Amino acid sequence: GVNKLSSGVAKDLKGISLSNQKPTTKQEDIEYTFEEIKSVRMARLIGLVSHYVYWMVFGSVNQLPIDEFHQNQLFLSITQLFAEIEADCKNRKNYGTFTLPLIVLAVRYHVDVIFANTYQGFFSDEHRSNPTFERFHMVISRLLDPDNYFSRITFLESSMDAIRSKP
C-alpha cells in the first residue's frame, strides 16, 4: 500500500550524499517529512487527488461523469487537507525547500503508481502513458502547487560548484 511505497521512497532518499553542500535540513525535519509521507492524512490526500485526477483526465469518456457539485466538493476537500498539511509544516525551517516538495513529489509518484497498476493495459503503451502522466502532473500542479514553489527539490538539482559558477 501507500505506506510500503513511501517507505521505499524514504529509504532511497536517505542515501543521498550532500557532501558538497552544507546541509541545512535537520535530521528531525527529515524524519518529520517521512512520517508525514507515511501518514493516514497523506493516504487520504493521495486517494482524493487520484480520484480528482481521474475525473479531470478521463471524466469526459466516462458514461456517468461526475456532477459539478461533487467535483467542487472533491476540490475543496483536497485544498483543505493540503492547507492543513502545509500549515503543520510551516514551523519547519526548510518546509518550502524540503518538506512540501517531497510531499508533492510523493503525491505525484503515488498517483502515477495507482493508475499504472490499475490500468496496466492502457499504461503499457508509452505513446499513451507519457502524455497521460503529463496531464496528471498538470492537474496535480494546479491543485497543490499552482505557483511551482514546491515542484523543485533544489538541493538535488545543484551543487555548491554549480551555484558558485552562476553569474
# chains A, B, ... in the order shown; residues from 1 in each chain; ligands from 1

call {"tool": "closest_atom_pairs", "arguments": {"of": "segment 42-88 of chain A", "to": "segment 100-118 of chain A", "cutoff": "10 Å", "atoms": "only C-alpha atoms", "output": "Markdown table"}}
result
| residue | atom | partner | partner_atom | distance |
| --- | --- | --- | --- | --- |
| A:Met42 | CA | A:Val107 | CA | 8.0 |
| A:Ala43 | CA | A:Val107 | CA | 9.0 |
| A:Leu45 | CA | A:Val107 | CA | 7.8 |
| A:Ile46 | CA | A:Val107 | CA | 5.6 |
| A:Gly47 | CA | A:Val111 | CA | 8.1 |
| A:Leu48 | CA | A:Val111 | CA | 9.9 |
| A:Val49 | CA | A:Val111 | CA | 7.5 |
| A:Ser50 | CA | A:Val111 | CA | 5.5 |
| A:His51 | CA | A:Val111 | CA | 9.2 |
| A:Val53 | CA | A:Val111 | CA | 8.4 |
| A:Tyr54 | CA | A:Phe115 | CA | 8.7 |
| A:Phe82 | CA | A:Val104 | CA | 9.7 |
| A:Ile85 | CA | A:Leu100 | CA | 8.6 |
| A:Glu86 | CA | A:Leu100 | CA | 7.1 |

call {"tool": "atom_distance", "arguments": {"atom1": "atom CA of Arg92 of chain A", "atom2": "atom CA of Thr25 of chain A"}}
result
9.2 Å

call {"tool": "select_by_dssp", "arguments": {"residues": "segment 42-100 of chain A", "states": "helix (DSSP H, G or I)", "output": "ChimeraX atom specification"}}
result
/A:42-61,68-89,95-100

call {"tool": "closest_residue", "arguments": {"among": "A:Tyr119, A:Asn94, A:Lys26, A:Ser77", "to": "Thr132 of chain A", "atoms": "only C-alpha atoms"}}
result
A:Tyr119

call {"tool": "residues_around", "arguments": {"residues": "Leu76 of chain A", "least_positions_apart": "2", "cutoff": "12 Å", "atoms": "only C-alpha atoms", "output": "mmCIF file with C-alpha atoms, in the first residue's frame"}}
result
data_model
loop_
_atom_site.group_PDB
_atom_site.id
_atom_site.type_symbol
_atom_site.label_atom_id
_atom_site.label_comp_id
_atom_site.auth_asym_id
_atom_site.auth_seq_id
_atom_site.Cartn_x
_atom_site.Cartn_y
_atom_site.Cartn_z
ATOM 1 C CA LEU A 45 -4.767 13.165 0.199
ATOM 2 C CA LEU A 48 -8.604 12.253 -3.113
ATOM 3 C CA VAL A 49 -6.079 13.557 -5.643
ATOM 4 C CA TYR A 52 -9.868 14.113 -8.845
ATOM 5 C CA PHE A 69 -21.269 19.822 -7.170
ATOM 6 C CA HIS A 70 -19.302 16.652 -6.340
ATOM 7 C CA GLN A 71 -16.345 17.824 -8.419
ATOM 8 C CA ASN A 72 -16.277 21.046 -6.392
ATOM 9 C CA GLN A 73 -16.601 19.116 -3.114
ATOM 10 C CA LEU A 74 -13.657 16.928 -4.112
ATOM 11 C CA ILE A 78 -8.172 18.368 -1.371
ATOM 12 C CA THR A 79 -7.373 22.038 -0.886
ATOM 13 C CA GLN A 80 -8.452 21.971 2.770
ATOM 14 C CA LEU A 81 -6.419 18.844 3.509
ATOM 15 C CA PHE A 82 -3.328 20.181 1.743
ATOM 16 C CA ALA A 83 -3.728 23.514 3.572
ATOM 17 C CA LEU A 143 -4.219 21.639 -7.238
ATOM 18 C CA LEU A 144 -1.223 21.625 -4.910
#

call {"tool": "closest_residue", "arguments": {"among": "A:Met56, A:Glu126, A:Thr33, A:Gly121", "to": "Lys90 of chain A", "atoms": "only C-alpha atoms"}}
result
A:Thr33
